[in-house]
>>> print(open('run_34.txt').read())   # compact mmCIF, C-alpha atoms and all ligand atoms
# COMPACT_ATOMS: atom_id res chain seq x y z
CA MET A 22 34.43 -9.55 -34.53
CA TYR A 23 36.58 -11.41 -32.06
CA SER A 24 36.70 -15.19 -31.69
CA ALA A 25 35.45 -16.93 -28.55
CA ARG A 26 39.07 -17.75 -27.75
CA GLN A 27 40.15 -14.09 -27.99
CA LEU A 28 37.24 -13.02 -25.77
CA ASP A 29 38.17 -15.68 -23.22
CA ARG A 30 41.81 -14.62 -23.20
CA ALA A 31 40.69 -11.06 -22.48
CA ARG A 32 38.32 -12.33 -19.77
CA ASP A 33 41.15 -14.28 -18.10
CA LEU A 34 43.50 -11.31 -18.21
CA ALA A 35 40.90 -8.93 -16.80
CA TYR A 36 40.29 -11.32 -13.91
CA ARG A 37 43.97 -12.02 -13.32
CA HIS A 38 44.99 -8.35 -13.17
CA SER A 39 41.97 -6.68 -11.57
CA GLY A 40 39.53 -9.33 -10.34
CA ILE A 41 36.92 -7.93 -12.72
CA THR A 42 34.66 -10.83 -13.66
CA LEU A 43 33.15 -10.61 -17.13
CA GLY A 44 30.37 -13.13 -17.67
CA ASP A 45 29.23 -14.67 -20.95
CA ASN A 46 26.73 -11.82 -21.37
CA LYS A 47 29.58 -9.31 -21.62
CA ASP A 48 30.92 -10.26 -25.06
CA VAL A 49 29.87 -6.97 -26.65
CA MET A 50 31.50 -5.00 -23.87
CA ILE A 51 34.71 -7.04 -24.10
CA SER A 52 34.77 -6.48 -27.88
CA ASN A 53 34.42 -2.73 -27.41
CA ARG A 54 37.22 -2.72 -24.85
CA LEU A 55 39.46 -4.74 -27.18
CA ASP A 56 38.78 -2.17 -29.93
CA LYS A 57 39.83 0.55 -27.53
CA LEU A 58 42.94 -1.40 -26.54
CA LYS A 59 43.96 -1.70 -30.20
CA ARG A 60 43.55 2.07 -30.62
CA SER A 61 45.56 2.78 -27.46
CA LEU A 62 48.39 0.51 -28.56
CA ASN A 63 48.15 1.60 -32.17
CA SER A 64 47.97 -1.96 -33.47
CA ASP A 65 45.36 -4.05 -35.28
CA ASP A 66 46.73 -7.40 -34.22
CA ILE A 67 44.71 -8.40 -31.16
CA ASP A 68 46.42 -11.79 -30.81
CA ALA A 69 49.80 -10.09 -30.66
CA ILE A 70 48.46 -7.57 -28.11
CA LEU A 71 46.95 -10.29 -25.92
CA ALA A 72 50.20 -12.26 -26.09
CA LEU A 73 52.13 -9.18 -24.93
CA VAL A 74 49.75 -8.64 -22.00
CA GLU A 75 49.96 -12.35 -21.12
CA ASN A 76 53.74 -11.89 -20.98
CA GLY A 77 53.48 -8.96 -18.57
CA HIS A 78 53.56 -6.00 -20.96
CA HIS A 79 51.08 -3.07 -21.11
CA ILE A 80 49.33 -4.24 -17.95
CA GLU A 81 48.41 -0.71 -16.83
CA ILE A 82 46.88 0.12 -20.22
CA PHE A 83 45.01 -3.18 -20.26
CA VAL A 84 43.61 -2.65 -16.76
CA SER A 85 42.67 0.93 -17.52
CA THR A 86 40.86 -0.23 -20.66
CA PHE A 87 38.83 -2.83 -18.77
CA THR A 88 37.79 -0.76 -15.75
CA THR A 89 34.50 1.10 -15.75
CA ASN A 90 35.07 4.49 -14.18
CA LYS A 91 31.61 6.04 -14.15
CA THR A 92 31.27 8.40 -11.20
CA ASN A 93 30.05 11.88 -10.34
CA PHE A 94 30.16 14.43 -7.57
CA PHE A 95 27.84 13.55 -4.67
CA ARG A 96 26.70 10.31 -6.28
CA GLU A 97 24.14 8.77 -3.90
CA THR A 98 23.88 12.06 -2.04
CA PHE A 99 22.31 10.46 1.04
CA HIS A 100 25.73 9.05 1.96
CA PHE A 101 27.15 12.56 2.14
CA ASP A 102 24.14 13.72 4.17
CA ASP A 103 24.88 10.88 6.62
CA LEU A 104 28.59 11.67 6.68
CA LYS A 105 27.85 15.30 7.55
CA GLU A 106 24.92 14.87 9.91
CA ARG A 107 26.04 11.79 11.83
CA VAL A 108 29.70 10.88 11.36
CA VAL A 109 31.35 14.30 11.24
CA LYS A 110 28.94 15.74 13.80
CA GLN A 111 29.77 12.96 16.28
CA ALA A 112 33.50 13.40 15.67
CA ILE A 113 33.24 17.13 16.31
CA GLU A 114 31.16 16.62 19.43
CA SER A 115 33.60 14.08 20.85
CA ASN A 116 36.63 16.04 19.62
CA GLN A 117 37.95 12.97 17.76
CA PRO A 118 39.96 13.02 14.53
CA LEU A 119 38.56 11.22 11.45
CA LYS A 120 40.50 8.94 9.15
CA ILE A 121 38.68 8.12 5.94
CA TYR A 122 39.47 5.64 3.18
CA CYS A 123 37.89 5.85 -0.27
CA SER A 124 38.75 2.55 -1.95
CA ALA A 125 37.60 3.00 -5.57
CA ALA A 126 38.10 6.70 -6.12
CA SER A 127 37.98 6.73 -9.93
CA THR A 128 38.52 10.25 -11.34
CA GLY A 129 38.23 11.88 -7.91
CA GLU A 130 34.66 13.18 -7.73
CA GLU A 131 33.90 10.89 -4.77
CA PRO A 132 36.89 11.85 -2.57
CA TYR A 133 36.45 15.56 -3.34
CA SER A 134 32.76 15.22 -2.41
CA ILE A 135 33.86 13.71 0.92
CA LEU A 136 36.19 16.65 1.55
CA MET A 137 33.56 19.26 0.62
CA THR A 138 31.12 17.52 2.97
CA ILE A 139 33.57 17.74 5.87
CA GLU A 140 34.33 21.40 5.14
CA GLU A 141 30.61 22.23 5.01
CA ALA A 142 30.05 20.37 8.29
CA ASN A 143 32.86 22.37 9.91
CA ARG A 144 31.18 25.54 8.72
CA GLU A 145 27.67 24.48 9.73
CA TYR A 146 28.58 23.28 13.21
CA LYS A 147 30.84 26.31 13.72
CA THR A 148 33.55 24.10 15.22
CA ALA A 149 36.11 22.38 13.04
CA LEU A 150 36.97 18.71 13.27
CA SER A 151 40.13 18.39 15.36
CA SER A 152 41.84 16.81 12.37
CA TYR A 153 41.02 14.54 9.48
CA SER A 154 42.71 12.72 6.62
CA LEU A 155 41.53 11.06 3.43
CA LEU A 156 43.26 8.34 1.46
CA ALA A 157 41.79 7.66 -1.99
CA THR A 158 42.92 4.68 -4.07
CA ASP A 159 42.04 3.00 -7.34
CA ILE A 160 43.65 0.34 -9.48
CA ASP A 161 43.56 2.49 -12.63
CA LEU A 162 46.51 4.88 -12.98
CA ASP A 163 44.74 6.95 -15.68
CA VAL A 164 41.86 7.89 -13.41
CA LEU A 165 44.23 8.60 -10.54
CA LYS A 166 46.11 11.02 -12.78
CA HIS A 167 42.85 12.78 -13.58
CA ALA A 168 41.87 12.83 -9.89
CA SER A 169 45.21 14.36 -8.93
CA SER A 170 44.75 17.14 -11.49
CA GLY A 171 41.46 18.17 -9.82
CA ILE A 172 40.13 19.46 -13.17
CA TYR A 173 36.55 18.76 -14.32
CA GLU A 174 34.08 20.02 -16.90
CA TRP A 175 31.65 22.41 -15.29
CA ASN A 176 28.59 21.77 -17.50
CA LYS A 177 28.75 18.05 -16.91
CA ASN A 178 28.85 18.59 -13.15
CA ALA A 179 26.70 21.69 -12.66
CA ASP A 180 23.64 19.78 -11.42
CA ASP A 181 25.50 17.37 -9.20
CA PHE A 182 25.97 19.53 -6.13
CA PRO A 183 23.46 19.41 -3.28
CA SER A 184 21.98 22.75 -2.26
CA TRP A 185 24.14 22.89 0.89
CA ILE A 186 27.37 22.99 -1.14
CA LYS A 187 28.76 26.29 -2.39
CA PRO A 188 30.93 25.25 -5.36
CA ALA A 189 32.67 28.63 -5.47
CA GLU A 190 34.31 27.81 -2.12
CA TYR A 191 35.98 24.74 -3.56
CA PHE A 192 36.56 25.33 -7.29
CA LYS A 193 38.18 27.92 -9.48
CA ARG A 194 36.50 28.41 -12.85
CA ARG A 195 38.52 28.57 -16.05
CA ALA A 196 37.60 29.05 -19.70
CA HIS A 197 37.35 25.75 -21.58
CA PRO A 198 40.27 25.40 -24.01
CA THR A 199 38.13 23.96 -26.82
CA LYS A 200 34.43 24.57 -26.06
CA GLU A 201 33.52 28.25 -26.31
CA ASP A 202 30.55 28.39 -23.91
CA ASP A 203 31.88 25.89 -21.41
CA TYR A 204 34.05 26.09 -18.32
CA LEU A 205 36.46 23.85 -16.56
CA ILE A 206 36.56 23.81 -12.79
CA LYS A 207 39.70 23.17 -10.79
CA VAL A 208 39.61 22.05 -7.17
CA LYS A 209 41.17 24.73 -4.96
CA ASP A 210 44.52 23.95 -3.37
CA HIS A 211 43.26 24.00 0.21
CA LEU A 212 41.03 21.01 -0.63
CA MET A 213 43.56 19.20 -2.81
CA ARG A 214 46.06 19.23 0.05
CA LYS A 215 43.68 17.19 2.19
CA VAL A 216 43.65 14.04 0.03
CA ARG A 217 46.33 11.54 -0.90
CA PHE A 218 45.81 9.50 -4.07
CA ASP A 219 47.50 6.15 -4.46
CA GLN A 220 47.22 3.03 -6.59
CA MET A 221 45.82 -0.05 -4.89
CA ASN A 222 44.31 -3.26 -6.17
CA LEU A 223 41.45 -4.38 -3.95
CA MET A 224 42.27 -7.96 -4.99
CA SER A 225 45.70 -7.76 -3.29
CA VAL A 226 46.22 -10.58 -0.83
CA SER A 227 46.70 -8.13 2.03
CA TYR A 228 46.21 -4.39 2.38
CA PRO A 229 48.94 -2.01 3.61
CA PHE A 230 46.83 -0.74 6.52
CA LYS A 231 46.72 -1.45 10.22
CA SER A 232 43.67 -3.15 11.67
CA GLU A 233 41.08 -0.62 12.81
CA GLU A 234 42.97 2.17 11.01
CA PHE A 235 39.94 3.96 9.52
CA ASP A 236 36.80 5.52 10.97
CA VAL A 237 35.06 5.48 7.61
CA VAL A 238 35.46 3.32 4.49
CA PHE A 239 33.83 4.13 1.17
CA CYS A 240 33.63 1.10 -1.14
CA ARG A 241 30.95 2.07 -3.60
CA ASN A 242 30.06 0.72 -7.00
CA VAL A 243 33.11 -1.47 -7.38
CA LEU A 244 32.15 -4.76 -5.66
CA ILE A 245 29.61 -5.29 -8.43
CA TYR A 246 32.47 -6.04 -10.83
CA PHE A 247 33.71 -9.01 -8.76
CA ASN A 248 32.32 -12.49 -8.19
CA GLN A 249 30.71 -13.22 -4.82
CA ASP A 250 33.72 -15.02 -3.29
CA ASP A 251 35.98 -12.12 -4.17
CA GLN A 252 33.42 -9.59 -2.87
CA ASN A 253 33.42 -11.43 0.47
CA ALA A 254 37.22 -11.56 0.57
CA ILE A 255 37.50 -7.82 -0.19
CA LEU A 256 34.83 -6.91 2.34
CA LYS A 257 36.67 -8.89 5.05
CA LYS A 258 39.97 -7.15 4.31
CA LEU A 259 38.31 -3.72 4.32
CA PHE A 260 36.37 -4.60 7.45
CA ARG A 261 39.57 -5.39 9.33
CA THR A 262 40.83 -1.85 8.60
CA LEU A 263 37.61 -0.30 9.95
CA LYS A 264 37.31 0.68 13.61
CA LEU A 265 34.59 -0.79 15.79
CA GLY A 266 31.77 1.75 15.51
CA GLY A 267 33.16 2.91 12.16
CA THR A 268 31.04 3.33 9.02
CA LEU A 269 31.13 1.41 5.76
CA TYR A 270 29.40 2.96 2.75
CA LEU A 271 28.53 0.58 -0.11
CA GLY A 272 27.07 1.29 -3.56
CA HIS A 273 23.34 1.07 -4.30
CA SER A 274 23.34 -2.56 -5.46
CA GLU A 275 26.01 -3.86 -3.08
CA SER A 276 25.63 -5.54 0.30
CA PRO A 277 27.84 -6.64 3.22
CA LEU A 278 27.22 -10.34 2.34
CA GLU A 279 28.96 -12.56 4.93
CA LEU A 280 29.66 -9.54 7.12
CA ALA A 281 25.98 -8.82 7.66
CA PRO A 282 26.01 -10.30 11.23
CA TYR A 283 28.85 -7.95 12.17
CA VAL A 284 27.25 -4.66 11.14
CA GLU A 285 24.20 -2.62 11.90
CA ARG A 286 22.43 -1.04 8.95
CA CYS A 287 21.82 2.61 9.70
CA GLY A 288 20.64 3.92 6.32
CA GLN A 289 20.61 3.05 2.64
CA ASN A 290 23.76 0.97 2.19
CA ILE A 291 25.26 2.53 5.31
CA PHE A 292 26.67 0.01 7.78
CA VAL A 293 28.20 0.54 11.21
CA LYS A 294 30.65 -2.10 12.44
CA THR A 295 29.28 -3.61 15.63
CA LYS A 296 31.47 -6.69 16.06
CA GLU A 297 34.91 -7.79 14.99
CA TYR A 298 34.95 -10.48 12.28
CA LEU A 299 37.31 -13.21 13.45
C1 LIG A 301 32.23 2.60 -11.35
S1 LIG A 301 33.68 3.26 -10.61
C2 LIG A 301 33.01 3.76 -9.05
C3 LIG A 301 33.64 5.06 -8.58
C4 LIG A 301 33.10 5.61 -7.27
N1 LIG A 301 33.39 4.74 -6.16
C5 LIG A 301 31.61 5.88 -7.35
O1 LIG A 301 30.84 5.19 -6.68
O2 LIG A 301 31.21 6.78 -8.08
C6 LIG A 301 34.58 1.78 -10.19
C7 LIG A 301 36.06 2.04 -9.93
O3 LIG A 301 36.62 0.85 -9.36
C8 LIG A 301 37.93 0.72 -9.85
N2 LIG A 301 38.38 -0.68 -9.73
C9 LIG A 301 38.03 -1.75 -10.49
N3 LIG A 301 38.68 -2.85 -10.10
C10 LIG A 301 39.45 -2.48 -9.04
C11 LIG A 301 40.35 -3.17 -8.19
N4 LIG A 301 40.60 -4.46 -8.35
N5 LIG A 301 40.97 -2.48 -7.20
C12 LIG A 301 40.73 -1.16 -7.03
N6 LIG A 301 39.90 -0.45 -7.81
C13 LIG A 301 39.25 -1.10 -8.80
C14 LIG A 301 37.84 1.19 -11.28
O4 LIG A 301 39.10 1.57 -11.80
C15 LIG A 301 36.84 2.34 -11.18
O5 LIG A 301 37.50 3.59 -11.10
>>> encode(input="run_34.txt", output="structure tokens")
Amino acid sequence: MYSARQLDRARDLAYRHSGITLGDNKDVMISNRLDKLKRSLNSDDIDAILALVENGHHIEIFVSTFTTNKTNFFRETFHFDDLKERVVKQAIESNQPLKIYCSAASTGEEPYSILMTIEEANREYKTALSSYSLLATDIDLDVLKHASSGIYEWNKNADDFPSWIKPAEYFKRRAHPTKEDDYLIKVKDHLMRKVRFDQMNLMSVSYPFKSEEFDVVFCRNVLIYFNQDDQNAILKKLFRTLKLGGTLYLGHSESPLELAPYVERCGQNIFVKTKEYL
């Protein structure tokens, strides 16, 4: 059991370092994360740990402990259908390159799904995109390390692929080191070369991108962790990096909030930028 003061200190630190807002109904979750933090730092003294974090130590471990990284390949598949059938198709037809930003990439399933979608579109439309690039960022260094390894458990992911994806094109299968009947899959090099992973905090005051740099921005299932003012601030910064006519994909319970007048909804949580926000 943690005291109200310990829970509040953890709440303040989570907000200060990641923007994650943990309401009063999250006490059980905070307690579980503090247990995990104690295990990671091999210490039972939570006050001493919190004092260290407050003084700037173990920030990465703290942030990694407080992020929720749930993701899977082709989560909310309709976004990948739209990417293939509308966005990539249009880019191929107009012979334009595509620059894509995935802003909460977690362990990598989302950016690799984006790449597989583009590769399948190239195959289906029998003409390749002239060129494309994908930047994938997250605040959590642990998940970025996993994403960069490109290694996943096959059984966990076997049902995640839509019928139009041929996993054998994109993954090598390996025996599982500890589970006899299981496999690991490793993203093939030709796909791994197409993505750059980097650390970025969406709460940063400004983003290191030019205005209208990206044709597509994925910001899915991360805004839900922030309060409404911060969601609006993040959306505005992301919006500035999106080209006019570009596409913003949000998670299933997220919305463009104050940017609603500047976008046209063209599918479930799919928004096309129609006007510049000034
Ligand atoms: C639930 S996962 C969503 C992953 C993926 N976008 C999806 O929809 O499956 C949320 C991710 O947001 C990241 N995150 C949380 N706070 C962040 C912040 N301030 N800046 C960047 N990423 C953040 C977490 O580390 C986590 O990997």
>>> residues_near_point(input="run_34.txt", point="(30.5, 12.5, -0.1)", cutoff="12 Å", atoms="all atoms listed in the file", output="compact mmCIF listing (two decimals) with C-alpha atoms, in the frame of the given file")
# COMPACT_ATOMS: atom_id res chain seq x y z
CA THR A 92 31.27 8.40 -11.20
CA ASN A 93 30.05 11.88 -10.34
CA PHE A 94 30.16 14.43 -7.57
CA PHE A 95 27.84 13.55 -4.67
CA ARG A 96 26.70 10.31 -6.28
CA GLU A 97 24.14 8.77 -3.90
CA THR A 98 23.88 12.06 -2.04
CA PHE A 99 22.31 10.46 1.04
CA HIS A 100 25.73 9.05 1.96
CA PHE A 101 27.15 12.56 2.14
CA ASP A 102 24.14 13.72 4.17
CA ASP A 103 24.88 10.88 6.62
CA LEU A 104 28.59 11.67 6.68
CA LYS A 105 27.85 15.30 7.55
CA GLU A 106 24.92 14.87 9.91
CA VAL A 108 29.70 10.88 11.36
CA VAL A 109 31.35 14.30 11.24
CA ILE A 121 38.68 8.12 5.94
CA TYR A 122 39.47 5.64 3.18
CA CYS A 123 37.89 5.85 -0.27
CA ALA A 126 38.10 6.70 -6.12
CA GLY A 129 38.23 11.88 -7.91
CA GLU A 130 34.66 13.18 -7.73
CA GLU A 131 33.90 10.89 -4.77
CA PRO A 132 36.89 11.85 -2.57
CA TYR A 133 36.45 15.56 -3.34
CA SER A 134 32.76 15.22 -2.41
CA ILE A 135 33.86 13.71 0.92
CA LEU A 136 36.19 16.65 1.55
CA MET A 137 33.56 19.26 0.62
CA THR A 138 31.12 17.52 2.97
CA ILE A 139 33.57 17.74 5.87
CA GLU A 140 34.33 21.40 5.14
CA GLU A 141 30.61 22.23 5.01
CA ALA A 142 30.05 20.37 8.29
CA LEU A 155 41.53 11.06 3.43
CA ASP A 181 25.50 17.37 -9.20
CA PHE A 182 25.97 19.53 -6.13
CA PRO A 183 23.46 19.41 -3.28
CA ILE A 186 27.37 22.99 -1.14
CA VAL A 237 35.06 5.48 7.61
CA VAL A 238 35.46 3.32 4.49
CA PHE A 239 33.83 4.13 1.17
CA CYS A 240 33.63 1.10 -1.14
CA ARG A 241 30.95 2.07 -3.60
CA TYR A 270 29.40 2.96 2.75
>>> residues_near_ligand(input="run_34.txt", ligand="ligand LIG 301 (chain A)", cutoff="9 Å", atoms="all atoms listed in the file", output="ChimeraX atom specification")
/A:36,38-41,84-85,87-97,123-132,158-165,220-225,239-247,271-273
>>> atom_distance(input="run_34.txt", atom1="CA of Lys294 in chain A", atom2="CA of Arg107 in chain A")
14.6 Å
>>> closest_residue(input="run_34.txt", among="A:Lys209, A:Asp203, A:Glu233, A:Leu34", to="Pro188 in chain A", atoms="all atoms listed in the file")
A:Lys209
>>> residues_around(input="run_34.txt", residues="Lys120 in chain A", least_positions_apart="3", cutoff="6 Å", atoms="only C-alpha atoms", output="list of chain:residue names")
A:Tyr153, A:Ser154, A:Phe235, A:Asp236
>>> residues_around(input="run_34.txt", residues="range 52-57 of chain A", least_positions_apart="3", cutoff="10 Å", atoms="all atoms listed in the file", output="PyMOL selection string")
chain A and resi 22-24+27-28+31+47-49+60-65+67+70-71+83+85-88
>>> residues_around(input="run_34.txt", residues="Ala112 in chain A", least_positions_apart="5", cutoff="9 Å", atoms="all atoms listed in the file", output="PyMOL selection string")
chain A and resi 107+117-119+150-151
>>> closest_residue(input="run_34.txt", among="A:Leu205, A:Leu156, A:Met213, A:Leu58", to="Asn176 in chain A", atoms="only C-alpha atoms")
A:Leu205
>>> atom_distance(input="run_34.txt", atom1="CA of Gly288 in chain A", atom2="CA of Gln111 in chain A")
16.3 Å
>>> closest_residue(input="run_34.txt", among="A:Leu259, A:Thr42, A:Ile206, A:Arg30", to="Ala72 in chain A", atoms="all atoms listed in the file")
A:Arg30
>>> closest_residue(input="run_34.txt", among="A:Glu279, A:His211, A:Glu201, A:Met50", to="Ile255 in chain A", atoms="only C-alpha atoms")
A:Glu279
>>> decode(input="run_34.txt", residues="range 88-104 of chain A", atoms="N, CA, C and O atoms", output="PDB file, in the first residue's frame")
ATOM      1  N   THR A  88       4.449   4.333 -18.910  1.00  0.00           N
ATOM      2  CA  THR A  88       3.757   4.329 -20.204  1.00  0.00           C
ATOM      3  C   THR A  88       2.999   3.019 -20.366  1.00  0.00           C
ATOM      4  O   THR A  88       3.393   1.988 -19.815  1.00  0.00           O
ATOM      5  N   THR A  89       1.926   3.089 -21.116  1.00  0.00           N
ATOM      6  CA  THR A  89       1.169   1.885 -21.473  1.00  0.00           C
ATOM      7  C   THR A  89       1.455   1.640 -22.940  1.00  0.00           C
ATOM      8  O   THR A  89       1.202   2.517 -23.772  1.00  0.00           O
ATOM      9  N   ASN A  90       1.995   0.477 -23.251  1.00  0.00           N
ATOM     10  CA  ASN A  90       2.534   0.260 -24.595  1.00  0.00           C
ATOM     11  C   ASN A  90       1.710  -0.704 -25.446  1.00  0.00           C
ATOM     12  O   ASN A  90       2.175  -1.181 -26.475  1.00  0.00           O
ATOM     13  N   LYS A  91       0.498  -0.985 -25.009  1.00  0.00           N
ATOM     14  CA  LYS A  91      -0.312  -1.971 -25.738  1.00  0.00           C
ATOM     15  C   LYS A  91      -0.436  -1.589 -27.221  1.00  0.00           C
ATOM     16  O   LYS A  91      -0.787  -0.463 -27.566  1.00  0.00           O
ATOM     17  N   THR A  92      -0.151  -2.548 -28.072  1.00  0.00           N
ATOM     18  CA  THR A  92      -0.266  -2.325 -29.512  1.00  0.00           C
ATOM     19  C   THR A  92      -0.333  -3.679 -30.193  1.00  0.00           C
ATOM     20  O   THR A  92      -0.130  -4.714 -29.550  1.00  0.00           O
ATOM     21  N   ASN A  93      -0.656  -3.712 -31.454  1.00  0.00           N
ATOM     22  CA  ASN A  93      -0.502  -4.945 -32.231  1.00  0.00           C
ATOM     23  C   ASN A  93      -0.420  -4.609 -33.708  1.00  0.00           C
ATOM     24  O   ASN A  93      -0.700  -3.488 -34.115  1.00  0.00           O
ATOM     25  N   PHE A  94      -0.011  -5.609 -34.491  1.00  0.00           N
ATOM     26  CA  PHE A  94       0.046  -5.403 -35.932  1.00  0.00           C
ATOM     27  C   PHE A  94      -1.359  -5.099 -36.452  1.00  0.00           C
ATOM     28  O   PHE A  94      -2.332  -5.723 -36.023  1.00  0.00           O
ATOM     29  N   PHE A  95      -1.457  -4.163 -37.348  1.00  0.00           N
ATOM     30  CA  PHE A  95      -2.718  -3.826 -38.034  1.00  0.00           C
ATOM     31  C   PHE A  95      -3.865  -3.544 -37.062  1.00  0.00           C
ATOM     32  O   PHE A  95      -5.008  -3.873 -37.335  1.00  0.00           O
ATOM     33  N   ARG A  96      -3.531  -2.930 -35.937  1.00  0.00           N
ATOM     34  CA  ARG A  96      -4.577  -2.506 -34.999  1.00  0.00           C
ATOM     35  C   ARG A  96      -5.469  -1.486 -35.722  1.00  0.00           C
ATOM     36  O   ARG A  96      -4.957  -0.575 -36.379  1.00  0.00           O
ATOM     37  N   GLU A  97      -6.764  -1.628 -35.585  1.00  0.00           N
ATOM     38  CA  GLU A  97      -7.712  -0.774 -36.323  1.00  0.00           C
ATOM     39  C   GLU A  97      -7.392  -0.852 -37.825  1.00  0.00           C
ATOM     40  O   GLU A  97      -6.973   0.115 -38.470  1.00  0.00           O
ATOM     41  N   THR A  98      -7.612  -2.061 -38.332  1.00  0.00           N
ATOM     42  CA  THR A  98      -7.196  -2.424 -39.703  1.00  0.00           C
ATOM     43  C   THR A  98      -7.706  -1.456 -40.759  1.00  0.00           C
ATOM     44  O   THR A  98      -7.039  -1.241 -41.779  1.00  0.00           O
ATOM     45  N   PHE A  99      -8.900  -0.857 -40.493  1.00  0.00           N
ATOM     46  CA  PHE A  99      -9.482   0.036 -41.503  1.00  0.00           C
ATOM     47  C   PHE A  99      -8.559   1.215 -41.835  1.00  0.00           C
ATOM     48  O   PHE A  99      -8.629   1.768 -42.921  1.00  0.00           O
ATOM     49  N   HIS A 100      -7.674   1.590 -40.925  1.00  0.00           N
ATOM     50  CA  HIS A 100      -6.736   2.670 -41.240  1.00  0.00           C
ATOM     51  C   HIS A 100      -5.724   2.221 -42.303  1.00  0.00           C
ATOM     52  O   HIS A 100      -5.297   3.005 -43.147  1.00  0.00           O
ATOM     53  N   PHE A 101      -5.354   0.953 -42.235  1.00  0.00           N
ATOM     54  CA  PHE A 101      -4.384   0.446 -43.207  1.00  0.00           C
ATOM     55  C   PHE A 101      -5.062   0.216 -44.558  1.00  0.00           C
ATOM     56  O   PHE A 101      -4.446   0.406 -45.603  1.00  0.00           O
ATOM     57  N   ASP A 102      -6.350  -0.167 -44.512  1.00  0.00           N
ATOM     58  CA  ASP A 102      -7.124  -0.262 -45.765  1.00  0.00           C
ATOM     59  C   ASP A 102      -7.147   1.108 -46.434  1.00  0.00           C
ATOM     60  O   ASP A 102      -6.933   1.236 -47.634  1.00  0.00           O
ATOM     61  N   ASP A 103      -7.416   2.151 -45.636  1.00  0.00           N
ATOM     62  CA  ASP A 103      -7.504   3.515 -46.189  1.00  0.00           C
ATOM     63  C   ASP A 103      -6.142   3.969 -46.716  1.00  0.00           C
ATOM     64  O   ASP A 103      -6.048   4.566 -47.793  1.00  0.00           O
ATOM     65  N   LEU A 104      -5.101   3.655 -45.957  1.00  0.00           N
ATOM     66  CA  LEU A 104      -3.750   4.040 -46.390  1.00  0.00           C
ATOM     67  C   LEU A 104      -3.449   3.429 -47.761  1.00  0.00           C
ATOM     68  O   LEU A 104      -2.944   4.098 -48.664  1.00  0.00           O
TER      69      LEU A 104
END
